[in-house]
Amino acid sequence: MSTYVEIPILDISQPLQPSSLSSLTKAAKEWGFFHIINHGISKDLCIQLQSLSKQFFSLPYDTKLKLGPFSSLKSYTPHFIASPFFESLRVNGPNFYVSAKSSSDLLFDKQDSKLSEMLQEYGNKMEELSKKILRAVLMSLGEGIEKKFLESEFSKCHGYFRINNYSSSQVENNNIIIEKEEEENDDEELLVEGLGMHTDMSCITILYQDEIGGLQVRSKNDNNNNNNEGGGREKWIDIKSSEGTLVVNIGDMLQAWSNDKLRSSEHRVVLRKPSIVKKNNSRFSLAFFWCFEDEKIILAPDEVVGEGNKRFYKPFLCLDYLKFRENNVRGKFEKVGYTVKDFAGIKAQL
C-alpha cells in the first residue's frame, strides 16, 4: 500500500531561516527525507551522465563482469545480487576520475576520458553540497551543535556514488509482483521491487532520480509496528521525482551519532509495470553517499544526547558496522535485514 505526501523543500543556496530550520528539523526526525533546490547541479550535467552511463550498461553481461564481485576492482554490481532488475557501477572519491577511468579502461578498447571527467566534476560538486547539507542538519539538532561538532566530528568524511540502472527488459520478463495499484484511469499497475527495503550506511545520501521515479520511504509508524491499521499492510510513501530537486536522506551513521534525533528510514525502489515497459525506459539514478572515515568511533556527544536522556547506542567503529552489513546475508540490499540499531543498539532493560 503506497501513498504520497509532500516532504519539505530546502533552498540550500540561502541562509537557514527559522521557518526553514523548523521544517528541516521535522523532516529529518519524522521522515529522514527532504528535497533540496538551487543546489548547483545542472540538469544538463545529469542528462549527459545518464547518456554516457548507458554506454556502460548496454555492454554485454560478460564484459561488465570484468568489474564484478569477483574482479580486482569490484566496482560493478550485476543483476540478481541486489535485485533481478538492478545493476550499479560504484565510483570512489576523492579522486573520482581515477576510480571511473580504472573501470572504463578495462572495458573499452577506445580510451575516452569524457565520462571520467564528468564524474569528477559531479563528485566534486556533491562533496561541497554534502558539507552544506550536513551543516544545516546539525543546526537542526539545536543551538551550538553545528559550531561545536561540524569540524571536530565530520572533517574527515569522504564520499562515493553509485550509478544505478533498472532494466525495463528485466521487468518485462519477470513475474515477481509485490503489489497492485489502481490508477485514476482504472488501469491496473503492477509494482515490482526494483531494489528491496534497506537503510543507507552513510551519514547522508543525495539522490538524483530521473522522471520515472519509484523511490518510496516506509512510514515511521509502520517501522515501529507492523500490525498497524489497514490489516497490517506496509505503508509506503512515494518520494516523487521533481525537476530541479535532489532528494536527501539521513543514513545510519548520522542516526546513531544523533542518538535517534535524526531518522535513517527504510526505503525501496518500485518499478511500475507495464508503464516502464511501454515506455521502453530504464530507470536511472545517481546516489552519492557521504560517510564517516572507516576509523571513526561513533558515539553521540553528551550535548546531543541531552541531560537526563538515555543513550540508545554503544560506541562502535564505523568499519566494523560496514563489515557487519556487507557480510550478513540479510544485510545486503534485499528485504529488510539488519540496521545500526541491531548492531550497536542498547537493549532496553526489562
# chains A, B, ... in the order shown; residues from 1 in each chain; ligands from 1
$ residues_around --residues "A:Phe33" --least-positions-apart "6" --cutoff "10 Å" --atoms "only C-alpha atoms" --output "list in words"
Ile7, Pro8, Ile9, Leu24, Lys26, Ala27, Ile204, Thr205, Ile206, Val217, Ile239, Val247, Val248, Asn249, Ile250, Gly251, Arg263, Ser264 and Ser265 of chain A
$ write_last_selection --atoms "N, CA and C atoms" --output "PDB file, in the first residue's frame"
ATOM      1  N   ILE A   7       7.047  16.206   1.075  1.00  0.00           N
ATOM      2  CA  ILE A   7       8.133  16.354   2.028  1.00  0.00           C
ATOM      3  C   ILE A   7       8.742  17.741   1.836  1.00  0.00           C
ATOM      4  N   PRO A   8       9.337  18.313   2.878  1.00  0.00           N
ATOM      5  CA  PRO A   8       9.827  19.692   2.811  1.00  0.00           C
ATOM      6  C   PRO A   8      10.893  19.901   1.742  1.00  0.00           C
ATOM      7  N   ILE A   9      10.927  21.129   1.240  1.00  0.00           N
ATOM      8  CA  ILE A   9      11.924  21.529   0.245  1.00  0.00           C
ATOM      9  C   ILE A   9      12.826  22.584   0.871  1.00  0.00           C
ATOM     10  N   LEU A  24      13.006  21.653   8.430  1.00  0.00           N
ATOM     11  CA  LEU A  24      14.074  20.666   8.276  1.00  0.00           C
ATOM     12  C   LEU A  24      14.146  19.749   9.493  1.00  0.00           C
ATOM     13  N   LYS A  26      11.755  18.835  11.506  1.00  0.00           N
ATOM     14  CA  LYS A  26      10.649  17.882  11.455  1.00  0.00           C
ATOM     15  C   LYS A  26      10.880  16.808  10.403  1.00  0.00           C
ATOM     16  N   ALA A  27      11.365  17.231   9.222  1.00  0.00           N
ATOM     17  CA  ALA A  27      11.594  16.270   8.139  1.00  0.00           C
ATOM     18  C   ALA A  27      12.662  15.252   8.507  1.00  0.00           C
ATOM     19  N   ILE A 204      24.811  11.001   5.218  1.00  0.00           N
ATOM     20  CA  ILE A 204      23.709  11.474   4.377  1.00  0.00           C
ATOM     21  C   ILE A 204      23.881  10.908   2.969  1.00  0.00           C
ATOM     22  N   THR A 205      22.763  10.788   2.270  1.00  0.00           N
ATOM     23  CA  THR A 205      22.748  10.346   0.876  1.00  0.00           C
ATOM     24  C   THR A 205      22.044  11.418   0.049  1.00  0.00           C
ATOM     25  N   ILE A 206      22.603  11.734  -1.116  1.00  0.00           N
ATOM     26  CA  ILE A 206      21.996  12.699  -2.032  1.00  0.00           C
ATOM     27  C   ILE A 206      21.662  11.963  -3.320  1.00  0.00           C
ATOM     28  N   VAL A 217       9.526   5.629   0.792  1.00  0.00           N
ATOM     29  CA  VAL A 217      10.019   5.532   2.168  1.00  0.00           C
ATOM     30  C   VAL A 217       8.938   4.883   3.029  1.00  0.00           C
ATOM     31  N   ILE A 239       8.181   9.170  -2.873  1.00  0.00           N
ATOM     32  CA  ILE A 239       9.014  10.371  -2.981  1.00  0.00           C
ATOM     33  C   ILE A 239       9.073  10.728  -4.457  1.00  0.00           C
ATOM     34  N   VAL A 247      16.979  14.632  -3.876  1.00  0.00           N
ATOM     35  CA  VAL A 247      16.453  14.028  -2.658  1.00  0.00           C
ATOM     36  C   VAL A 247      17.611  13.787  -1.691  1.00  0.00           C
ATOM     37  N   VAL A 248      17.410  14.156  -0.435  1.00  0.00           N
ATOM     38  CA  VAL A 248      18.406  13.912   0.610  1.00  0.00           C
ATOM     39  C   VAL A 248      17.790  13.004   1.664  1.00  0.00           C
ATOM     40  N   ASN A 249      18.543  12.003   2.104  1.00  0.00           N
ATOM     41  CA  ASN A 249      18.065  11.209   3.231  1.00  0.00           C
ATOM     42  C   ASN A 249      19.177  10.978   4.247  1.00  0.00           C
ATOM     43  N   ILE A 250      18.760  10.842   5.492  1.00  0.00           N
ATOM     44  CA  ILE A 250      19.661  10.583   6.602  1.00  0.00           C
ATOM     45  C   ILE A 250      20.069   9.110   6.587  1.00  0.00           C
ATOM     46  N   GLY A 251      21.362   8.834   6.864  1.00  0.00           N
ATOM     47  CA  GLY A 251      21.845   7.460   6.898  1.00  0.00           C
ATOM     48  C   GLY A 251      22.057   6.950   8.313  1.00  0.00           C
ATOM     49  N   ARG A 263      16.494  10.464  11.706  1.00  0.00           N
ATOM     50  CA  ARG A 263      15.976   9.151  11.344  1.00  0.00           C
ATOM     51  C   ARG A 263      16.565   8.635  10.033  1.00  0.00           C
ATOM     52  N   SER A 264      17.130   7.439  10.091  1.00  0.00           N
ATOM     53  CA  SER A 264      17.536   6.724   8.885  1.00  0.00           C
ATOM     54  C   SER A 264      16.396   5.792   8.499  1.00  0.00           C
ATOM     55  N   SER A 265      15.655   6.174   7.484  1.00  0.00           N
ATOM     56  CA  SER A 265      14.411   5.472   7.136  1.00  0.00           C
ATOM     57  C   SER A 265      14.659   4.287   6.214  1.00  0.00           C
TER      58      SER A 265
END
$ residues_around --residues "A:Tyr76" --least-positions-apart "4" --cutoff "7 Å" --atoms "only C-alpha atoms" --output "short mmCIF file (atom, residue, chain, number, x, y, z; two decimals) with C-alpha atoms, in the first residue's frame"
data_model
loop_
_atom_site.label_atom_id
_atom_site.label_comp_id
_atom_site.auth_asym_id
_atom_site.auth_seq_id
_atom_site.Cartn_x
_atom_site.Cartn_y
_atom_site.Cartn_z
CA LEU A 67 34.33 -5.31 -12.89
CA GLY A 68 32.05 -7.66 -10.93
CA PRO A 69 32.17 -9.06 -7.40
CA SER A 88 25.15 -0.49 -10.45
CA LEU A 89 28.59 0.99 -11.02
CA ARG A 90 30.44 2.35 -7.99
#
$ select_by_dssp --residues "stretch 86-207 of chain A" --states "strand (DSSP E or B)" --output "PyMOL selection string"
chain A and resi 86-92+158-166+179-182+188-198+204-207
$ closest_residue --among "A:Ile41, A:Val91, A:Leu134, A:Ile237" --to "A:Leu207" --atoms "only C-alpha atoms"
A:Ile41
$ closest_residue --among "A:Leu52, A:Ile145, A:Ala287, A:Val5" --to "A:Met126" --atoms "only C-alpha atoms"
A:Ala287
$ residues_around --residues "A:Gln55" --least-positions-apart "4" --cutoff "12 Å" --atoms "only C-alpha atoms" --output "list in words"
Gln48, Leu49, Gln50, Ser51, Leu59, Pro60, Lys64, Ser104, Leu107, Phe108, Asp112, Leu115 and Asn165 of chain A
